[in-house]
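query_35.txt (compact mmCIF, C-alpha atoms)
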# COMPACT_ATOMS: atom_id res chain seq x y z
CA MET A 1 10.67 12.06 -30.96
CA SER A 2 12.59 9.84 -28.60
CA ALA A 3 12.52 10.75 -24.94
CA VAL A 4 16.30 10.46 -25.00
CA PRO A 5 18.00 12.62 -27.69
CA ASN A 6 20.77 11.04 -29.82
CA ASP A 7 19.95 7.56 -28.56
CA LYS A 8 19.97 4.69 -31.00
CA PRO A 9 16.43 3.57 -31.72
CA PHE A 10 14.82 0.68 -29.90
CA VAL A 11 13.90 -1.73 -32.67
CA LEU A 12 11.98 -4.98 -32.36
CA ALA A 13 11.01 -7.11 -35.33
CA GLY A 14 11.75 -4.21 -37.68
CA ARG A 15 9.58 -1.71 -35.83
CA THR A 16 10.99 1.29 -33.95
CA TYR A 17 9.69 2.28 -30.53
CA GLN A 18 10.18 5.49 -28.55
CA SER A 19 9.42 3.94 -25.17
CA ARG A 20 11.69 1.37 -23.59
CA LEU A 21 9.04 0.37 -21.09
CA LEU A 22 6.79 -2.60 -21.85
CA VAL A 23 3.86 -3.20 -19.55
CA GLY A 24 1.48 -5.99 -18.68
CA THR A 25 -2.27 -5.72 -18.28
CA GLY A 26 -2.81 -8.18 -15.42
CA LYS A 27 -3.74 -7.58 -11.76
CA TYR A 28 -5.47 -4.22 -12.23
CA LYS A 29 -8.67 -3.34 -10.37
CA ASP A 30 -10.61 -2.86 -13.58
CA LEU A 31 -10.19 -2.02 -17.25
CA GLU A 32 -10.32 1.72 -16.62
CA GLU A 33 -7.37 1.51 -14.23
CA THR A 34 -5.56 -0.66 -16.80
CA ARG A 35 -6.15 1.92 -19.50
CA ALA A 36 -5.10 4.88 -17.33
CA ALA A 37 -1.93 3.18 -16.07
CA ILE A 38 -0.82 2.16 -19.54
CA GLU A 39 -1.47 5.66 -20.81
CA ALA A 40 0.59 7.15 -17.96
CA SER A 41 3.46 4.70 -18.53
CA GLY A 42 3.93 5.84 -22.12
CA ALA A 43 4.41 2.19 -23.11
CA GLU A 44 3.82 1.24 -26.72
CA ILE A 45 4.10 -2.52 -26.29
CA VAL A 46 1.54 -4.15 -24.03
CA THR A 47 1.28 -7.79 -23.01
CA VAL A 48 -1.96 -9.76 -22.84
CA ALA A 49 -2.84 -13.33 -21.91
CA VAL A 50 -4.93 -15.72 -24.01
CA ARG A 51 -7.68 -17.57 -22.17
CA ARG A 52 -10.92 -19.46 -22.76
CA THR A 53 -13.83 -17.12 -23.41
CA ASN A 54 -16.37 -17.07 -20.58
CA LEU A 55 -19.32 -18.51 -22.42
CA GLY A 56 -22.75 -17.06 -21.84
CA GLN A 57 -21.46 -14.57 -19.29
CA ASN A 58 -21.85 -10.82 -19.74
CA PRO A 59 -21.85 -10.70 -23.53
CA GLY A 60 -21.79 -6.89 -23.44
CA GLU A 61 -18.78 -6.75 -21.14
CA PRO A 62 -15.98 -4.56 -22.51
CA ASN A 63 -13.05 -6.43 -23.96
CA LEU A 64 -9.44 -5.73 -22.99
CA LEU A 65 -8.60 -5.04 -26.63
CA ASP A 66 -11.28 -2.34 -26.71
CA VAL A 67 -9.35 -0.31 -24.11
CA ILE A 68 -5.91 -1.34 -25.43
CA PRO A 69 -6.63 -1.16 -29.15
CA PRO A 70 -4.20 -3.00 -31.45
CA SER A 71 -4.40 0.02 -33.78
CA ARG A 72 -2.60 2.08 -31.14
CA TYR A 73 -0.48 -0.43 -29.21
CA THR A 74 1.72 -3.32 -30.23
CA ILE A 75 -0.01 -6.23 -28.54
CA LEU A 76 2.38 -8.82 -27.14
CA PRO A 77 0.43 -11.98 -26.35
CA ASN A 78 2.09 -14.17 -23.75
CA THR A 79 2.04 -17.88 -22.97
CA ALA A 80 1.72 -17.35 -19.22
CA GLY A 81 0.33 -20.37 -17.46
CA CYS A 82 1.86 -22.82 -19.94
CA PHE A 83 3.98 -25.54 -18.37
CA ASP A 84 5.21 -27.35 -21.48
CA ALA A 85 6.29 -26.55 -25.02
CA VAL A 86 3.18 -28.04 -26.65
CA GLU A 87 0.79 -25.83 -24.65
CA ALA A 88 2.92 -22.75 -25.31
CA VAL A 89 3.05 -23.32 -29.06
CA ARG A 90 -0.71 -23.93 -29.15
CA THR A 91 -1.30 -20.69 -27.26
CA CYS A 92 0.90 -18.71 -29.66
CA ARG A 93 -0.98 -20.07 -32.66
CA LEU A 94 -4.29 -19.08 -31.07
CA ALA A 95 -2.87 -15.63 -30.35
CA ARG A 96 -1.77 -15.23 -33.96
CA GLU A 97 -5.29 -16.05 -35.14
CA LEU A 98 -6.80 -13.76 -32.49
CA LEU A 99 -4.65 -10.86 -33.65
CA ASP A 100 -5.09 -11.35 -37.40
CA GLY A 101 -1.75 -12.96 -38.20
CA HIS A 102 0.37 -10.92 -35.80
CA LYS A 103 3.71 -12.73 -35.33
CA LEU A 104 5.16 -11.13 -32.19
CA VAL A 105 4.79 -13.27 -29.06
CA LYS A 106 6.19 -13.45 -25.56
CA LEU A 107 7.14 -17.06 -24.91
CA GLU A 108 7.20 -18.17 -21.31
CA VAL A 109 7.11 -21.78 -20.21
CA LEU A 110 6.95 -22.11 -16.47
CA ALA A 111 8.30 -24.87 -14.25
CA ASP A 112 6.22 -24.66 -11.08
CA GLN A 113 3.50 -22.60 -9.45
CA LYS A 114 5.47 -21.64 -6.37
CA THR A 115 8.40 -20.00 -8.14
CA LEU A 116 6.98 -19.45 -11.65
CA PHE A 117 10.59 -20.07 -12.62
CA PRO A 118 11.03 -20.73 -16.33
CA ASN A 119 11.39 -24.33 -17.50
CA VAL A 120 14.27 -23.60 -19.83
CA ILE A 121 14.28 -27.03 -21.49
CA GLU A 122 10.65 -26.69 -22.57
CA THR A 123 11.28 -23.03 -23.41
CA LEU A 124 14.09 -24.02 -25.82
CA LYS A 125 11.85 -26.65 -27.47
CA ALA A 126 8.96 -24.21 -27.87
CA ALA A 127 11.28 -21.49 -29.20
CA GLU A 128 12.60 -23.80 -31.92
CA THR A 129 9.09 -24.70 -33.08
CA LEU A 130 7.85 -21.11 -32.99
CA VAL A 131 10.83 -19.66 -34.84
CA ALA A 132 10.44 -22.36 -37.53
CA ASP A 133 6.75 -21.45 -37.74
CA GLY A 134 7.59 -17.80 -38.49
CA PHE A 135 6.91 -16.21 -35.10
CA ASP A 136 8.93 -13.29 -33.75
CA VAL A 137 9.73 -14.69 -30.34
CA MET A 138 10.58 -12.58 -27.30
CA VAL A 139 11.50 -15.12 -24.70
CA TYR A 140 11.23 -15.03 -20.92
CA THR A 141 14.08 -16.98 -19.39
CA SER A 142 16.23 -17.44 -16.32
CA ASP A 143 19.32 -15.29 -15.88
CA ASP A 144 21.51 -18.17 -17.06
CA PRO A 145 23.84 -16.67 -19.72
CA ILE A 146 24.24 -20.00 -21.53
CA ILE A 147 20.51 -20.53 -21.97
CA ALA A 148 20.14 -16.90 -23.05
CA ARG A 149 22.83 -17.48 -25.69
CA GLN A 150 21.13 -20.66 -26.93
CA LEU A 151 17.76 -18.90 -27.21
CA ALA A 152 19.37 -16.16 -29.31
CA GLU A 153 21.07 -18.78 -31.49
CA ILE A 154 17.73 -20.47 -32.11
CA GLY A 155 16.51 -17.19 -33.54
CA CYS A 156 14.53 -15.49 -30.79
CA ILE A 157 14.40 -11.75 -31.50
CA ALA A 158 14.88 -10.77 -27.84
CA VAL A 159 15.87 -12.54 -24.67
CA MET A 160 14.15 -11.49 -21.48
CA PRO A 161 15.86 -12.77 -18.35
CA LEU A 162 14.14 -12.40 -15.02
CA ALA A 163 15.62 -9.93 -12.55
CA GLY A 164 13.68 -11.63 -9.77
CA LEU A 165 10.79 -14.08 -9.64
CA ILE A 166 7.52 -12.99 -11.25
CA GLY A 167 5.43 -10.84 -8.94
CA THR A 168 7.99 -10.67 -6.11
CA GLY A 169 9.18 -7.09 -6.60
CA LEU A 170 12.59 -8.13 -5.26
CA GLY A 171 14.44 -6.04 -7.83
CA ILE A 172 17.62 -6.95 -9.70
CA CYS A 173 18.69 -10.03 -7.73
CA ASN A 174 21.74 -10.95 -9.79
CA PRO A 175 23.13 -7.98 -11.71
CA TYR A 176 26.32 -9.90 -12.49
CA ASN A 177 24.53 -12.58 -14.52
CA LEU A 178 22.61 -9.87 -16.33
CA ARG A 179 25.90 -8.16 -17.17
CA ILE A 180 27.26 -11.35 -18.70
CA ILE A 181 24.09 -11.83 -20.74
CA LEU A 182 24.21 -8.19 -21.86
CA GLU A 183 27.87 -8.31 -22.82
CA GLU A 184 27.53 -11.15 -25.26
CA SER A 185 23.93 -11.07 -26.50
CA PRO A 186 23.51 -10.52 -30.25
CA VAL A 187 19.81 -9.67 -29.72
CA PRO A 188 18.11 -7.11 -27.47
CA VAL A 189 18.04 -8.04 -23.78
CA LEU A 190 15.06 -6.93 -21.73
CA VAL A 191 14.56 -7.47 -18.03
CA ASP A 192 11.23 -9.20 -17.53
CA ALA A 193 9.97 -9.80 -14.00
CA GLY A 194 11.22 -8.86 -10.56
CA VAL A 195 11.10 -5.07 -10.76
CA GLY A 196 9.43 -3.67 -7.63
CA THR A 197 9.85 0.07 -7.84
CA ALA A 198 11.28 2.80 -10.03
CA SER A 199 14.90 2.46 -8.87
CA ASP A 200 14.90 -1.22 -9.90
CA ALA A 201 13.88 -0.25 -13.43
CA THR A 202 16.60 2.39 -13.49
CA ILE A 203 19.24 -0.14 -12.43
CA ALA A 204 18.16 -2.52 -15.20
CA MET A 205 18.53 0.26 -17.75
CA GLU A 206 21.87 1.43 -16.29
CA LEU A 207 23.17 -2.10 -16.79
CA GLY A 208 22.46 -1.66 -20.49
CA CYS A 209 19.15 -3.45 -21.01
CA GLU A 210 17.35 -2.37 -24.16
CA ALA A 211 14.07 -2.15 -22.27
CA VAL A 212 12.18 -3.45 -19.25
CA LEU A 213 8.91 -5.37 -19.10
CA MET A 214 6.84 -5.12 -15.92
CA ASN A 215 3.34 -5.67 -14.63
CA SER A 216 3.04 -6.15 -10.85
CA ALA A 217 5.29 -3.22 -9.94
CA ILE A 218 2.70 -0.90 -11.48
CA ALA A 219 -0.54 -2.81 -10.94
CA HIS A 220 0.20 -3.63 -7.29
CA ALA A 221 1.50 -0.19 -6.32
CA GLN A 222 -0.74 1.72 -3.92
CA LYS A 223 -1.41 4.18 -6.75
CA PRO A 224 -0.86 2.31 -10.00
CA VAL A 225 -1.31 5.26 -12.36
CA LEU A 226 1.24 7.33 -10.42
CA MET A 227 3.71 4.42 -10.36
CA ALA A 228 3.24 3.98 -14.11
CA GLU A 229 4.41 7.56 -14.57
CA ALA A 230 7.31 7.01 -12.16
CA MET A 231 8.38 4.01 -14.24
CA LYS A 232 8.36 6.08 -17.41
CA TYR A 233 10.89 8.49 -15.89
CA ALA A 234 12.87 5.69 -14.23
CA ILE A 235 13.40 3.99 -17.59
CA GLU A 236 14.46 7.27 -19.20
CA ALA A 237 16.79 8.16 -16.32
CA GLY A 238 18.41 4.72 -16.44
CA ARG A 239 18.86 4.88 -20.18
CA LEU A 240 20.44 8.35 -19.97
CA ALA A 241 22.78 7.22 -17.20
CA TYR A 242 23.80 4.19 -19.27
CA LEU A 243 24.55 6.39 -22.27
CA ALA A 244 26.37 8.92 -20.07
CA GLY A 245 28.57 6.26 -18.46
CA ARG A 246 28.84 6.29 -14.70
CA MET A 247 31.95 7.44 -12.83
CA PRO A 248 34.19 4.74 -11.43
CA LYS A 249 33.60 3.73 -7.82
CA LYS A 250 36.46 4.68 -5.49
CA LEU A 251 37.28 3.74 -1.94
CA TYR A 252 38.52 7.16 -0.82
CA ALA A 253 37.15 10.66 -1.13
CA SER A 254 37.94 13.05 -3.95
CA ALA A 255 37.08 16.71 -3.28
CA SER A 256 34.55 18.30 -5.62
CA SER A 257 35.59 21.85 -4.70
CA PRO A 258 39.07 23.00 -5.74
CA LEU A 259 41.69 23.15 -2.97
CA ASP A 260 43.46 26.17 -4.55
CA GLY A 261 42.59 29.63 -3.21
CA LEU A 262 41.43 28.52 0.21
CA ILE A 263 41.52 31.28 2.82
CA ARG A 264 43.97 30.31 5.50
CA MET B 1 -24.79 -33.75 -31.17
CA HIS B 2 -22.40 -33.24 -28.32
CA ILE B 3 -19.12 -31.42 -28.56
CA GLN B 4 -16.54 -30.48 -25.92
CA LEU B 5 -16.54 -26.69 -25.77
CA ASN B 6 -13.83 -25.05 -23.65
CA GLY B 7 -13.53 -28.28 -21.71
CA GLU B 8 -17.24 -28.76 -21.08
CA SER B 9 -19.92 -30.80 -22.76
CA PHE B 10 -22.09 -28.74 -25.12
CA GLU B 11 -25.17 -29.77 -27.08
CA LEU B 12 -26.05 -28.36 -30.50
CA PRO B 13 -28.02 -29.45 -33.57
CA ASP B 14 -26.35 -31.63 -36.21
CA GLY B 15 -24.72 -29.94 -39.20
CA GLN B 16 -23.75 -26.73 -37.43
CA THR B 17 -20.65 -24.82 -38.47
CA VAL B 18 -18.14 -22.88 -36.36
CA ALA B 19 -19.91 -19.68 -37.47
CA ASP B 20 -23.26 -21.11 -36.27
CA LEU B 21 -21.68 -21.95 -32.92
CA LEU B 22 -20.39 -18.37 -32.49
CA VAL B 23 -23.88 -17.01 -33.23
CA ARG B 24 -25.30 -19.38 -30.61
CA LEU B 25 -22.67 -18.17 -28.10
CA ASP B 26 -23.43 -14.51 -28.82
CA LEU B 27 -19.83 -13.98 -29.90
CA VAL B 28 -20.40 -12.57 -33.37
CA GLY B 29 -18.17 -9.56 -33.94
CA ARG B 30 -16.15 -10.29 -30.79
CA ARG B 31 -12.40 -10.73 -31.07
CA VAL B 32 -12.03 -14.47 -30.46
CA ALA B 33 -9.95 -17.30 -31.91
CA VAL B 34 -11.24 -20.82 -32.48
CA GLU B 35 -9.39 -24.10 -32.30
CA LEU B 36 -11.00 -27.35 -33.50
CA ASN B 37 -9.38 -30.64 -32.42
CA LEU B 38 -6.08 -28.79 -31.76
CA ASP B 39 -6.02 -27.03 -35.16
CA ILE B 40 -6.71 -23.33 -35.63
CA VAL B 41 -9.84 -22.52 -37.64
CA PRO B 42 -9.05 -19.25 -39.43
CA ARG B 43 -11.81 -16.64 -39.28
CA SER B 44 -12.26 -16.93 -43.05
CA GLN B 45 -13.19 -20.60 -42.63
CA HIS B 46 -15.68 -20.33 -39.75
CA ALA B 47 -18.69 -20.50 -42.07
CA SER B 48 -17.37 -23.45 -44.06
CA THR B 49 -16.13 -25.58 -41.15
CA SER B 50 -18.74 -28.08 -39.98
CA LEU B 51 -18.71 -29.51 -36.50
CA ALA B 52 -19.13 -33.20 -35.74
CA GLU B 53 -20.03 -35.33 -32.74
CA GLY B 54 -17.24 -35.41 -30.18
CA ASP B 55 -15.32 -32.46 -31.60
CA GLN B 56 -13.14 -30.56 -29.16
CA VAL B 57 -13.58 -26.83 -29.62
CA GLU B 58 -11.73 -24.04 -27.84
CA VAL B 59 -12.83 -20.41 -28.08
CA VAL B 60 -10.33 -17.95 -26.62
CA HIS B 61 -9.93 -14.22 -26.19
CA ALA B 62 -7.38 -11.77 -24.78
CA ILE B 63 -7.42 -10.92 -21.08
CA GLY B 64 -5.10 -9.04 -18.74
CA GLY B 65 -1.70 -10.63 -18.28
CA GLY B 66 1.96 -9.80 -17.80
As a first step, turn the structure in this file into structure tokens.
Amino acid sequence: MSAVPNDKPFVLAGRTYQSRLLVGTGKYKDLEETRAAIEASGAEIVTVAVRRTNLGQNPGEPNLLDVIPPSRYTILPNTAGCFDAVEAVRTCRLARELLDGHKLVKLEVLADQKTLFPNVIETLKAAETLVADGFDVMVYTSDDPIIARQLAEIGCIAVMPLAGLIGTGLGICNPYNLRIILEESPVPVLVDAGVGTASDATIAMELGCEAVLMNSAIAHAQKPVLMAEAMKYAIEAGRLAYLAGRMPKKLYASASSPLDGLIR
Amino acid sequence: MHIQLNGESFELPDGQTVADLLVRLDLVGRRVAVELNLDIVPRSQHASTSLAEGDQVEVVHAIGGG
């Protein structure tokens, strides 16, 4: 059952999800903390990175996919660390092989190490190739509404603008751009990156995002498992508030208690 | 023969397959993906894909990421 009654379902690539929180698996102390935080978050879609296997080192070491089993979670492999379209496409093809033909990927092509800002030109090129190759592409992008539109036109199944730079926790830096993207997007819009605490996630959902993807806000909290739980409620609260429709903002006061029947 | 394995030089006997390489690396039964000279080698073809001198092989797995 959905956490939010009478809500329309959250559907990605033909699959319905109850949770509108997607979480990463990076930056945790160890695999046990990763497992516990993801469990507490209630997330059903979990991102992973694809990297060279450490050869000859700790062959018995537990694997991330042992604690986040693909039988239970939808694994969303990312292209983090890729700085051009060719690398990103190569990484997605490796991920598809790694996950037995799984087509869902998170495309991110970065521009520089300091900002980790997306290189939207390479992102567009990679998206075209991946869509033509049959991938279901969820794409990390800037909060530029025109690029977001172009990525949807190419055939990406979701556009995921940043709310702030990756790992900064600065929150929703430009809600107005997000609103423009949300108003016109034909595909689900998810905030990916920038969320720092629960209220940021709530704001993203109040704006009308379909879901939010986060990693650092949970993994770098003082108590990651507790923050994971906070994020679960923040996403639900934001979604409910969006569905409820907020009151208009006014400059002057409006009494909540009736003025009739006052004792004078 | 010498191959480039995950960016480093690696020595193995002639005539070895991708499956043989994974045995040698103690990766049998592990969830990995293999790329040979920029092309994916599907799991079903590990045993039938022979390696040759100078091949560039990548073996990858999933790790934590956001």
What does the structure give for the distance between CA of Asp7 in chain A and CA of Tyr233 in chain A, in Å to one decimal?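 Atom-to-atom, CA of Asp7 in chain A and CA of Tyr233 in chain A are spaced 15.6 Å apart.
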Quick one: contact table of chain B to range 74-82 of chain A, 8 Å max, nearest atom pair and distance in Å to one decimal per residue, counting all atoms listed in the file, chain and number order, as a tab-separated table?
residue	atom	partner	partner_atom	distance
B:Ala62	CA	A:Pro77	CA	8.0
B:Gly65	CA	A:Asn78	CA	7.5
B:Gly66	CA	A:Asn78	CA	7.4
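Distance annotation: of B:Val18, B:Gln45, B:Glu53, B:Asp26, the residue with the minimal separation from chain A is B:Asp26; atom set is only C-alpha atoms.
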Using only C-alpha atoms, find which residues of chain A lie within 8 Å of chain B and jot them down as an MDAnalysis selection string. chainID A and resid 23:27 47:53 55:56 59 63:65 77:78 80 90 93:95 97:98 214:216
Could you give me, as a list in words, the residues within 10 Å of Ala47 in chain B, counting all atoms listed in the file and dropping anything in the same chain fewer than 2 positions from it? Gln16, Thr17, Val18, Ala19, Asp20, Leu21, Leu22, Arg43, Ser44, Gln45, Thr49 and Ser50 of chain B
Pairwise distance for CA of Phe135 in chain A and CA of Pro186 in chain A, rounded to one decimal in Å: 18.2 Å
Pick from A:Ala37, A:Met160, A:Val11, A:Leu110, whichever lies nearest to Lys232 in chain A using all atoms listed in the file: A:Ala37
